[in-house]
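*Asks:* Dropping in work-v4.cif, which is mmCIF, N, CA and C atoms:
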```cif
data_entry
#
loop_
_atom_site.label_atom_id
_atom_site.label_comp_id
_atom_site.auth_asym_id
_atom_site.auth_seq_id
_atom_site.Cartn_x
_atom_site.Cartn_y
_atom_site.Cartn_z
N MET A 230 -47.38 -204.59 108.78
CA MET A 230 -47.84 -204.75 107.42
C MET A 230 -46.68 -204.38 106.49
N ALA A 231 -46.41 -205.20 105.53
CA ALA A 231 -45.32 -204.96 104.59
C ALA A 231 -45.76 -203.94 103.55
N ARG A 232 -44.84 -203.05 103.25
CA ARG A 232 -45.13 -202.02 102.25
C ARG A 232 -44.60 -202.49 100.91
N THR A 233 -45.45 -202.39 99.88
CA THR A 233 -45.00 -202.80 98.55
C THR A 233 -44.24 -201.66 97.91
N LYS A 234 -43.31 -201.99 97.08
CA LYS A 234 -42.52 -200.99 96.38
C LYS A 234 -43.36 -200.33 95.28
N GLU A 235 -43.40 -198.99 95.30
CA GLU A 235 -44.17 -198.26 94.30
C GLU A 235 -43.41 -198.20 92.99
N SER A 236 -44.14 -198.24 91.90
CA SER A 236 -43.48 -198.17 90.60
C SER A 236 -43.01 -196.75 90.34
N ALA A 237 -42.08 -196.59 89.43
CA ALA A 237 -41.52 -195.28 89.11
C ALA A 237 -42.59 -194.33 88.59
N SER A 238 -43.58 -194.86 87.87
CA SER A 238 -44.63 -193.99 87.34
C SER A 238 -45.53 -193.44 88.44
N GLU A 239 -45.62 -194.13 89.55
CA GLU A 239 -46.44 -193.64 90.66
C GLU A 239 -45.70 -192.60 91.49
N VAL A 240 -44.39 -192.71 91.55
CA VAL A 240 -43.60 -191.81 92.38
C VAL A 240 -43.25 -190.52 91.64
N GLU A 241 -42.77 -190.63 90.42
CA GLU A 241 -42.37 -189.46 89.66
C GLU A 241 -43.60 -188.75 89.10
N PRO A 242 -43.60 -187.43 89.15
CA PRO A 242 -44.73 -186.71 88.55
C PRO A 242 -44.75 -186.94 87.04
N LEU A 243 -45.93 -186.89 86.49
CA LEU A 243 -46.05 -187.07 85.05
C LEU A 243 -45.37 -185.92 84.34
N ARG A 244 -44.60 -186.24 83.36
CA ARG A 244 -43.89 -185.20 82.60
C ARG A 244 -44.74 -184.82 81.41
N GLU A 245 -45.08 -183.55 81.36
CA GLU A 245 -45.86 -183.05 80.23
C GLU A 245 -44.92 -182.70 79.09
N THR A 246 -45.38 -182.96 77.89
CA THR A 246 -44.59 -182.56 76.74
C THR A 246 -44.90 -181.10 76.43
N VAL A 247 -43.89 -180.35 76.14
CA VAL A 247 -44.05 -178.94 75.82
C VAL A 247 -43.68 -178.74 74.36
N SER A 248 -44.64 -178.25 73.58
CA SER A 248 -44.39 -178.00 72.17
C SER A 248 -43.90 -176.58 71.98
N ARG A 249 -43.00 -176.41 71.07
CA ARG A 249 -42.52 -175.09 70.72
C ARG A 249 -43.49 -174.50 69.70
N VAL A 250 -43.89 -173.25 69.91
CA VAL A 250 -44.82 -172.58 69.00
C VAL A 250 -44.04 -171.64 68.11
N GLU A 251 -44.27 -171.74 66.83
CA GLU A 251 -43.65 -170.84 65.87
C GLU A 251 -44.76 -170.01 65.23
N TRP A 252 -44.72 -168.70 65.46
CA TRP A 252 -45.76 -167.80 64.95
C TRP A 252 -45.42 -167.39 63.52
N ASP A 253 -46.29 -167.72 62.58
CA ASP A 253 -46.11 -167.36 61.17
C ASP A 253 -47.05 -166.20 60.85
N ASP A 254 -46.52 -165.00 60.70
CA ASP A 254 -47.34 -163.84 60.43
C ASP A 254 -47.32 -163.41 58.97
N SER A 255 -46.89 -164.30 58.09
CA SER A 255 -46.74 -163.93 56.68
C SER A 255 -48.09 -163.63 56.00
N LYS A 256 -49.20 -164.17 56.49
CA LYS A 256 -50.51 -163.92 55.89
C LYS A 256 -51.43 -163.12 56.81
N MET A 257 -50.87 -162.50 57.82
CA MET A 257 -51.66 -161.78 58.80
C MET A 257 -52.13 -160.44 58.25
N ASP A 258 -53.39 -160.11 58.52
CA ASP A 258 -53.95 -158.81 58.21
C ASP A 258 -54.10 -158.03 59.51
N THR A 259 -54.04 -156.73 59.42
CA THR A 259 -54.27 -155.88 60.58
C THR A 259 -55.48 -155.01 60.30
N THR A 260 -56.42 -155.01 61.25
CA THR A 260 -57.64 -154.23 61.12
C THR A 260 -57.85 -153.47 62.42
N TYR A 261 -58.17 -152.18 62.34
CA TYR A 261 -58.46 -151.38 63.52
C TYR A 261 -59.92 -151.58 63.91
N SER A 262 -60.17 -151.66 65.21
CA SER A 262 -61.53 -151.77 65.71
C SER A 262 -61.67 -150.92 66.97
N ASN A 263 -62.76 -150.14 67.04
CA ASN A 263 -63.05 -149.42 68.27
C ASN A 263 -64.39 -149.87 68.87
N VAL A 264 -64.97 -150.93 68.30
CA VAL A 264 -66.20 -151.52 68.79
C VAL A 264 -66.06 -153.04 68.73
N ALA A 265 -66.50 -153.71 69.79
CA ALA A 265 -66.47 -155.17 69.81
C ALA A 265 -67.73 -155.68 70.48
N ASN A 266 -68.19 -156.83 70.04
CA ASN A 266 -69.35 -157.48 70.63
C ASN A 266 -69.10 -158.98 70.58
N ALA A 267 -69.90 -159.72 71.32
CA ALA A 267 -69.74 -161.17 71.34
C ALA A 267 -71.10 -161.84 71.44
N ALA A 268 -71.19 -163.03 70.89
CA ALA A 268 -72.39 -163.85 70.98
C ALA A 268 -71.94 -165.30 71.07
N SER A 269 -72.81 -166.16 71.57
CA SER A 269 -72.39 -167.56 71.69
C SER A 269 -73.56 -168.52 71.51
N THR A 270 -73.20 -169.72 71.12
CA THR A 270 -74.09 -170.87 71.14
C THR A 270 -73.39 -171.93 71.97
N ARG A 271 -73.96 -173.09 72.08
CA ARG A 271 -73.33 -174.16 72.85
C ARG A 271 -71.99 -174.57 72.24
N GLU A 272 -71.87 -174.49 70.93
CA GLU A 272 -70.68 -174.98 70.23
C GLU A 272 -69.63 -173.94 69.91
N GLU A 273 -69.98 -172.64 69.95
CA GLU A 273 -69.02 -171.63 69.52
C GLU A 273 -69.26 -170.28 70.18
N VAL A 274 -68.22 -169.48 70.18
CA VAL A 274 -68.29 -168.09 70.63
C VAL A 274 -67.85 -167.23 69.46
N ALA A 275 -68.69 -166.27 69.10
CA ALA A 275 -68.37 -165.38 67.98
C ALA A 275 -68.01 -164.00 68.52
N LEU A 276 -66.86 -163.50 68.09
CA LEU A 276 -66.41 -162.16 68.44
C LEU A 276 -66.59 -161.29 67.20
N LEU A 277 -67.31 -160.18 67.36
CA LEU A 277 -67.58 -159.27 66.25
C LEU A 277 -66.81 -157.97 66.47
N PHE A 278 -66.10 -157.53 65.44
CA PHE A 278 -65.30 -156.32 65.54
C PHE A 278 -65.71 -155.35 64.44
N GLY A 279 -65.68 -154.08 64.77
CA GLY A 279 -66.05 -153.07 63.79
C GLY A 279 -65.56 -151.70 64.18
N THR A 280 -66.02 -150.71 63.41
CA THR A 280 -65.59 -149.34 63.63
C THR A 280 -66.80 -148.43 63.66
N ASN A 281 -66.87 -147.62 64.71
CA ASN A 281 -67.87 -146.57 64.80
C ASN A 281 -67.23 -145.32 64.21
N LYS A 282 -67.76 -144.85 63.09
CA LYS A 282 -67.20 -143.68 62.41
C LYS A 282 -68.04 -142.43 62.62
N SER A 283 -69.00 -142.50 63.55
CA SER A 283 -69.88 -141.36 63.81
C SER A 283 -69.14 -140.31 64.62
N TRP A 284 -69.20 -139.08 64.14
CA TRP A 284 -68.60 -137.97 64.88
C TRP A 284 -69.57 -137.41 65.89
N THR A 285 -70.83 -137.39 65.50
CA THR A 285 -71.85 -136.87 66.40
C THR A 285 -72.92 -137.93 66.60
N VAL A 286 -73.50 -137.92 67.78
CA VAL A 286 -74.56 -138.87 68.11
C VAL A 286 -75.81 -138.07 68.42
N SER A 287 -76.92 -138.46 67.81
CA SER A 287 -78.18 -137.78 68.08
C SER A 287 -79.22 -138.82 68.49
N ASP A 288 -80.24 -138.35 69.18
CA ASP A 288 -81.28 -139.25 69.66
C ASP A 288 -82.17 -139.77 68.53
N ASP A 289 -82.25 -139.05 67.42
CA ASP A 289 -83.17 -139.44 66.36
C ASP A 289 -82.57 -140.43 65.35
N LYS A 290 -81.24 -140.58 65.34
CA LYS A 290 -80.62 -141.52 64.40
C LYS A 290 -79.78 -142.54 65.16
N PRO A 291 -79.83 -143.80 64.73
CA PRO A 291 -79.00 -144.81 65.39
C PRO A 291 -77.52 -144.63 65.01
N VAL A 292 -76.65 -145.09 65.87
CA VAL A 292 -75.22 -145.06 65.59
C VAL A 292 -74.92 -146.23 64.66
N LYS A 293 -74.28 -145.95 63.55
CA LYS A 293 -73.96 -147.00 62.58
C LYS A 293 -72.55 -147.51 62.84
N VAL A 294 -72.43 -148.81 63.06
CA VAL A 294 -71.14 -149.46 63.26
C VAL A 294 -70.89 -150.38 62.08
N GLU A 295 -69.79 -150.16 61.40
CA GLU A 295 -69.41 -150.99 60.26
C GLU A 295 -68.65 -152.21 60.78
N LEU A 296 -69.29 -153.38 60.73
CA LEU A 296 -68.62 -154.61 61.17
C LEU A 296 -67.65 -155.06 60.10
N THR A 297 -66.43 -155.36 60.51
CA THR A 297 -65.39 -155.73 59.55
C THR A 297 -64.87 -157.15 59.74
N ASN A 298 -64.92 -157.67 60.96
CA ASN A 298 -64.36 -158.99 61.21
C ASN A 298 -65.22 -159.78 62.18
N ARG A 299 -65.29 -161.08 61.94
CA ARG A 299 -65.94 -162.00 62.87
C ARG A 299 -64.96 -163.14 63.13
N ILE A 300 -64.65 -163.36 64.38
CA ILE A 300 -63.77 -164.45 64.77
C ILE A 300 -64.62 -165.46 65.52
N ILE A 301 -64.60 -166.71 65.10
CA ILE A 301 -65.38 -167.75 65.76
C ILE A 301 -64.42 -168.68 66.47
N LEU A 302 -64.67 -168.88 67.77
CA LEU A 302 -63.81 -169.71 68.62
C LEU A 302 -64.62 -170.84 69.24
N SER A 303 -63.94 -171.92 69.56
CA SER A 303 -64.57 -172.95 70.38
C SER A 303 -64.69 -172.37 71.79
N PRO A 304 -65.61 -172.88 72.62
CA PRO A 304 -65.70 -172.36 73.99
C PRO A 304 -64.37 -172.47 74.75
N TYR A 305 -63.61 -173.53 74.54
CA TYR A 305 -62.33 -173.67 75.23
C TYR A 305 -61.31 -172.63 74.76
N ALA A 306 -61.27 -172.39 73.46
CA ALA A 306 -60.36 -171.35 72.95
C ALA A 306 -60.81 -169.97 73.43
N ALA A 307 -62.12 -169.74 73.52
CA ALA A 307 -62.63 -168.47 74.02
C ALA A 307 -62.25 -168.27 75.48
N LYS A 308 -62.29 -169.32 76.28
CA LYS A 308 -61.92 -169.21 77.70
C LYS A 308 -60.43 -168.88 77.83
N ARG A 309 -59.60 -169.54 77.02
CA ARG A 309 -58.16 -169.24 77.04
C ARG A 309 -57.91 -167.80 76.60
N PHE A 310 -58.63 -167.34 75.58
CA PHE A 310 -58.50 -165.97 75.11
C PHE A 310 -58.92 -164.98 76.19
N TRP A 311 -60.01 -165.27 76.89
CA TRP A 311 -60.51 -164.42 77.97
C TRP A 311 -59.44 -164.26 79.05
N LYS A 312 -58.80 -165.37 79.43
CA LYS A 312 -57.74 -165.31 80.44
C LYS A 312 -56.54 -164.52 79.92
N LEU A 313 -56.17 -164.75 78.67
CA LEU A 313 -55.06 -164.04 78.06
C LEU A 313 -55.33 -162.54 78.00
N LEU A 314 -56.51 -162.15 77.55
CA LEU A 314 -56.86 -160.74 77.44
C LEU A 314 -56.92 -160.09 78.81
N GLY A 315 -57.43 -160.81 79.81
CA GLY A 315 -57.45 -160.28 81.18
C GLY A 315 -56.06 -159.99 81.69
N GLY A 316 -55.11 -160.87 81.38
CA GLY A 316 -53.72 -160.65 81.77
C GLY A 316 -53.10 -159.46 81.06
N VAL A 317 -53.39 -159.31 79.79
CA VAL A 317 -52.86 -158.19 79.01
C VAL A 317 -53.41 -156.87 79.57
N LEU A 318 -54.70 -156.83 79.89
CA LEU A 318 -55.29 -155.61 80.43
C LEU A 318 -54.80 -155.31 81.84
N ALA A 319 -54.57 -156.32 82.65
CA ALA A 319 -54.01 -156.10 83.98
C ALA A 319 -52.62 -155.49 83.87
N GLU A 320 -51.81 -155.98 82.95
CA GLU A 320 -50.47 -155.43 82.73
C GLU A 320 -50.57 -153.98 82.22
N TYR A 321 -51.50 -153.72 81.31
CA TYR A 321 -51.70 -152.37 80.79
C TYR A 321 -52.04 -151.41 81.93
N GLU A 322 -52.99 -151.82 82.79
CA GLU A 322 -53.41 -150.94 83.89
C GLU A 322 -52.31 -150.74 84.92
N SER A 323 -51.46 -151.73 85.10
CA SER A 323 -50.35 -151.55 86.05
C SER A 323 -49.34 -150.53 85.51
N ARG A 324 -49.22 -150.42 84.20
CA ARG A 324 -48.31 -149.46 83.59
C ARG A 324 -48.91 -148.06 83.44
N PHE A 325 -50.17 -148.01 82.97
CA PHE A 325 -50.74 -146.74 82.54
C PHE A 325 -51.92 -146.26 83.38
N GLY A 326 -52.37 -147.03 84.33
CA GLY A 326 -53.50 -146.64 85.17
C GLY A 326 -54.78 -147.38 84.81
N LYS A 327 -55.71 -147.34 85.75
CA LYS A 327 -56.97 -148.06 85.62
C LYS A 327 -57.79 -147.52 84.47
N LEU A 328 -58.39 -148.41 83.71
CA LEU A 328 -59.32 -148.03 82.65
C LEU A 328 -60.71 -147.98 83.26
N ASP A 329 -61.31 -146.81 83.31
CA ASP A 329 -62.61 -146.63 83.94
C ASP A 329 -63.69 -146.66 82.88
N ILE A 330 -64.18 -147.84 82.54
CA ILE A 330 -65.19 -147.93 81.49
C ILE A 330 -66.58 -147.56 81.99
N GLU A 331 -66.81 -147.60 83.32
CA GLU A 331 -68.11 -147.21 83.85
C GLU A 331 -68.39 -145.74 83.55
N THR A 332 -67.42 -144.87 83.77
CA THR A 332 -67.58 -143.45 83.48
C THR A 332 -67.77 -143.24 81.98
N LEU A 333 -67.01 -143.96 81.18
CA LEU A 333 -67.12 -143.86 79.73
C LEU A 333 -68.51 -144.28 79.26
N GLU A 334 -69.05 -145.38 79.83
CA GLU A 334 -70.37 -145.87 79.43
C GLU A 334 -71.47 -144.90 79.86
N LYS A 335 -71.33 -144.29 81.03
CA LYS A 335 -72.33 -143.31 81.49
C LYS A 335 -72.36 -142.10 80.58
N GLY A 336 -71.19 -141.65 80.12
CA GLY A 336 -71.12 -140.51 79.20
C GLY A 336 -71.74 -140.81 77.86
N ALA A 337 -71.64 -142.06 77.41
CA ALA A 337 -72.22 -142.44 76.12
C ALA A 337 -73.74 -142.50 76.18
N LYS A 338 -74.31 -142.74 77.36
CA LYS A 338 -75.76 -142.85 77.51
C LYS A 338 -76.45 -141.49 77.57
N LYS A 339 -75.70 -140.42 77.81
CA LYS A 339 -76.30 -139.07 77.92
C LYS A 339 -76.84 -138.59 76.61
#
```
Starting from the file, lay out its structure as structure tokens.
*Replies:*
Amino acid sequence: MARTKESASEVEPLRETVSRVEWDDSKMDTTYSNVANAASTREEVALLFGTNKSWTVSDDKPVKVELTNRIILSPYAAKRFWKLLGGVLAEYESRFGKLDIETLEKGAKK
């Protein structure tokens, strides 16, 4: 059986275009957060950030968290962010040790 000659596009891998990203931080704000939460719908993922300013916690009063920022992402952007944040935390733990949030959460429930 005779073999047909393959075209160059079939043999060579597809070349992806790589865009250069330029980060413009001229309008960036910085906000501290020690509390974060997330919610989602089919179309978006909302990240909520705030600050817990309570020094003492009692059973009779709820903990008040002042929400300061809401970031809304598409599900695809949220997935990319999740992977990025996972990588950043893995690097952090390799440098400074494991973050044990289970112990921290158990202490908060007491």
*Asks:* Quick one: residues within 12 Å of stretch 247-263 of chain A, only C-alpha atoms counted, chain neighbours fewer than 2 positions away excluded, as a ChimeraX atom specification?
*Replies:* /A:244-245,265-266,276-283,294-299
*Asks:* Restrict the selected residues to N, CA and C atoms and save them as a compact mmCIF listing (two decimals), in the frame of the given file.
*Replies:*
```
# COMPACT_ATOMS: atom_id res chain seq x y z
N ARG A 244 -44.60 -186.24 83.36
CA ARG A 244 -43.89 -185.20 82.60
C ARG A 244 -44.74 -184.82 81.41
N GLU A 245 -45.08 -183.55 81.36
CA GLU A 245 -45.86 -183.05 80.23
C GLU A 245 -44.92 -182.70 79.09
N ALA A 265 -66.50 -153.71 69.79
CA ALA A 265 -66.47 -155.17 69.81
C ALA A 265 -67.73 -155.68 70.48
N ASN A 266 -68.19 -156.83 70.04
CA ASN A 266 -69.35 -157.48 70.63
C ASN A 266 -69.10 -158.98 70.58
N LEU A 276 -66.86 -163.50 68.09
CA LEU A 276 -66.41 -162.16 68.44
C LEU A 276 -66.59 -161.29 67.20
N LEU A 277 -67.31 -160.18 67.36
CA LEU A 277 -67.58 -159.27 66.25
C LEU A 277 -66.81 -157.97 66.47
N PHE A 278 -66.10 -157.53 65.44
CA PHE A 278 -65.30 -156.32 65.54
C PHE A 278 -65.71 -155.35 64.44
N GLY A 279 -65.68 -154.08 64.77
CA GLY A 279 -66.05 -153.07 63.79
C GLY A 279 -65.56 -151.70 64.18
N THR A 280 -66.02 -150.71 63.41
CA THR A 280 -65.59 -149.34 63.63
C THR A 280 -66.80 -148.43 63.66
N ASN A 281 -66.87 -147.62 64.71
CA ASN A 281 -67.87 -146.57 64.80
C ASN A 281 -67.23 -145.32 64.21
N LYS A 282 -67.76 -144.85 63.09
CA LYS A 282 -67.20 -143.68 62.41
C LYS A 282 -68.04 -142.43 62.62
N SER A 283 -69.00 -142.50 63.55
CA SER A 283 -69.88 -141.36 63.81
C SER A 283 -69.14 -140.31 64.62
N VAL A 294 -72.43 -148.81 63.06
CA VAL A 294 -71.14 -149.46 63.26
C VAL A 294 -70.89 -150.38 62.08
N GLU A 295 -69.79 -150.16 61.40
CA GLU A 295 -69.41 -150.99 60.26
C GLU A 295 -68.65 -152.21 60.78
N LEU A 296 -69.29 -153.38 60.73
CA LEU A 296 -68.62 -154.61 61.17
C LEU A 296 -67.65 -155.06 60.10
N THR A 297 -66.43 -155.36 60.51
CA THR A 297 -65.39 -155.73 59.55
C THR A 297 -64.87 -157.15 59.74
N ASN A 298 -64.92 -157.67 60.96
CA ASN A 298 -64.36 -158.99 61.21
C ASN A 298 -65.22 -159.78 62.18
N ARG A 299 -65.29 -161.08 61.94
CA ARG A 299 -65.94 -162.00 62.87
C ARG A 299 -64.96 -163.14 63.13
```
*Asks:* Give the helix (DSSP H, G or I) residues of chain A, as DSSP finds them on the backbone, and put them as a compact mmCIF listing (two decimals) with N, CA and C atoms, in the coordinates of the input.
*Replies:*
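Everything below was put into part_4.txt:
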```txt
# COMPACT_ATOMS: atom_id res chain seq x y z
N ALA A 237 -42.08 -196.59 89.43
CA ALA A 237 -41.52 -195.28 89.11
C ALA A 237 -42.59 -194.33 88.59
N SER A 238 -43.58 -194.86 87.87
CA SER A 238 -44.63 -193.99 87.34
C SER A 238 -45.53 -193.44 88.44
N GLU A 239 -45.62 -194.13 89.55
CA GLU A 239 -46.44 -193.64 90.66
C GLU A 239 -45.70 -192.60 91.49
N VAL A 240 -44.39 -192.71 91.55
CA VAL A 240 -43.60 -191.81 92.38
C VAL A 240 -43.25 -190.52 91.64
N PRO A 304 -65.61 -172.88 72.62
CA PRO A 304 -65.70 -172.36 73.99
C PRO A 304 -64.37 -172.47 74.75
N TYR A 305 -63.61 -173.53 74.54
CA TYR A 305 -62.33 -173.67 75.23
C TYR A 305 -61.31 -172.63 74.76
N ALA A 306 -61.27 -172.39 73.46
CA ALA A 306 -60.36 -171.35 72.95
C ALA A 306 -60.81 -169.97 73.43
N ALA A 307 -62.12 -169.74 73.52
CA ALA A 307 -62.63 -168.47 74.02
C ALA A 307 -62.25 -168.27 75.48
N LYS A 308 -62.29 -169.32 76.28
CA LYS A 308 -61.92 -169.21 77.70
C LYS A 308 -60.43 -168.88 77.83
N ARG A 309 -59.60 -169.54 77.02
CA ARG A 309 -58.16 -169.24 77.04
C ARG A 309 -57.91 -167.80 76.60
N PHE A 310 -58.63 -167.34 75.58
CA PHE A 310 -58.50 -165.97 75.11
C PHE A 310 -58.92 -164.98 76.19
N TRP A 311 -60.01 -165.27 76.89
CA TRP A 311 -60.51 -164.42 77.97
C TRP A 311 -59.44 -164.26 79.05
N LYS A 312 -58.80 -165.37 79.43
CA LYS A 312 -57.74 -165.31 80.44
C LYS A 312 -56.54 -164.52 79.92
N LEU A 313 -56.17 -164.75 78.67
CA LEU A 313 -55.06 -164.04 78.06
C LEU A 313 -55.33 -162.54 78.00
N LEU A 314 -56.51 -162.15 77.55
CA LEU A 314 -56.86 -160.74 77.44
C LEU A 314 -56.92 -160.09 78.81
N GLY A 315 -57.43 -160.81 79.81
CA GLY A 315 -57.45 -160.28 81.18
C GLY A 315 -56.06 -159.99 81.69
N GLY A 316 -55.11 -160.87 81.38
CA GLY A 316 -53.72 -160.65 81.77
C GLY A 316 -53.10 -159.46 81.06
N VAL A 317 -53.39 -159.31 79.79
CA VAL A 317 -52.86 -158.19 79.01
C VAL A 317 -53.41 -156.87 79.57
N LEU A 318 -54.70 -156.83 79.89
CA LEU A 318 -55.29 -155.61 80.43
C LEU A 318 -54.80 -155.31 81.84
N ALA A 319 -54.57 -156.32 82.65
CA ALA A 319 -54.01 -156.10 83.98
C ALA A 319 -52.62 -155.49 83.87
N GLU A 320 -51.81 -155.98 82.95
CA GLU A 320 -50.47 -155.43 82.73
C GLU A 320 -50.57 -153.98 82.22
N TYR A 321 -51.50 -153.72 81.31
CA TYR A 321 -51.70 -152.37 80.79
C TYR A 321 -52.04 -151.41 81.93
N GLU A 322 -52.99 -151.82 82.79
CA GLU A 322 -53.41 -150.94 83.89
C GLU A 322 -52.31 -150.74 84.92
N SER A 323 -51.46 -151.73 85.10
CA SER A 323 -50.35 -151.55 86.05
C SER A 323 -49.34 -150.53 85.51
N ARG A 324 -49.22 -150.42 84.20
CA ARG A 324 -48.31 -149.46 83.59
C ARG A 324 -48.91 -148.06 83.44
N PHE A 325 -50.17 -148.01 82.97
CA PHE A 325 -50.74 -146.74 82.54
C PHE A 325 -51.92 -146.26 83.38
N ILE A 330 -64.18 -147.84 82.54
CA ILE A 330 -65.19 -147.93 81.49
C ILE A 330 -66.58 -147.56 81.99
N GLU A 331 -66.81 -147.60 83.32
CA GLU A 331 -68.11 -147.21 83.85
C GLU A 331 -68.39 -145.74 83.55
N THR A 332 -67.42 -144.87 83.77
CA THR A 332 -67.58 -143.45 83.48
C THR A 332 -67.77 -143.24 81.98
N LEU A 333 -67.01 -143.96 81.18
CA LEU A 333 -67.12 -143.86 79.73
C LEU A 333 -68.51 -144.28 79.26
N GLU A 334 -69.05 -145.38 79.83
CA GLU A 334 -70.37 -145.87 79.43
C GLU A 334 -71.47 -144.90 79.86
N LYS A 335 -71.33 -144.29 81.03
CA LYS A 335 -72.33 -143.31 81.49
C LYS A 335 -72.36 -142.10 80.58
N GLY A 336 -71.19 -141.65 80.12
CA GLY A 336 -71.12 -140.51 79.20
C GLY A 336 -71.74 -140.81 77.86
N ALA A 337 -71.64 -142.06 77.41
CA ALA A 337 -72.22 -142.44 76.12
C ALA A 337 -73.74 -142.50 76.18
N LYS A 338 -74.31 -142.74 77.36
CA LYS A 338 -75.76 -142.85 77.51
C LYS A 338 -76.45 -141.49 77.57
```
*Asks:* What is the distance, in Å and to one decimal place, between atom C of A:Pro291 and atom N of A:Val264?
*Replies:*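 These two atoms are separated by 14.4 Å.
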*Asks:* Any idea what the distance is between atom C of A:Val274 and atom N of A:Ile301?
*Replies:*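 That distance, rounded to one decimal, is 5.5 Å.
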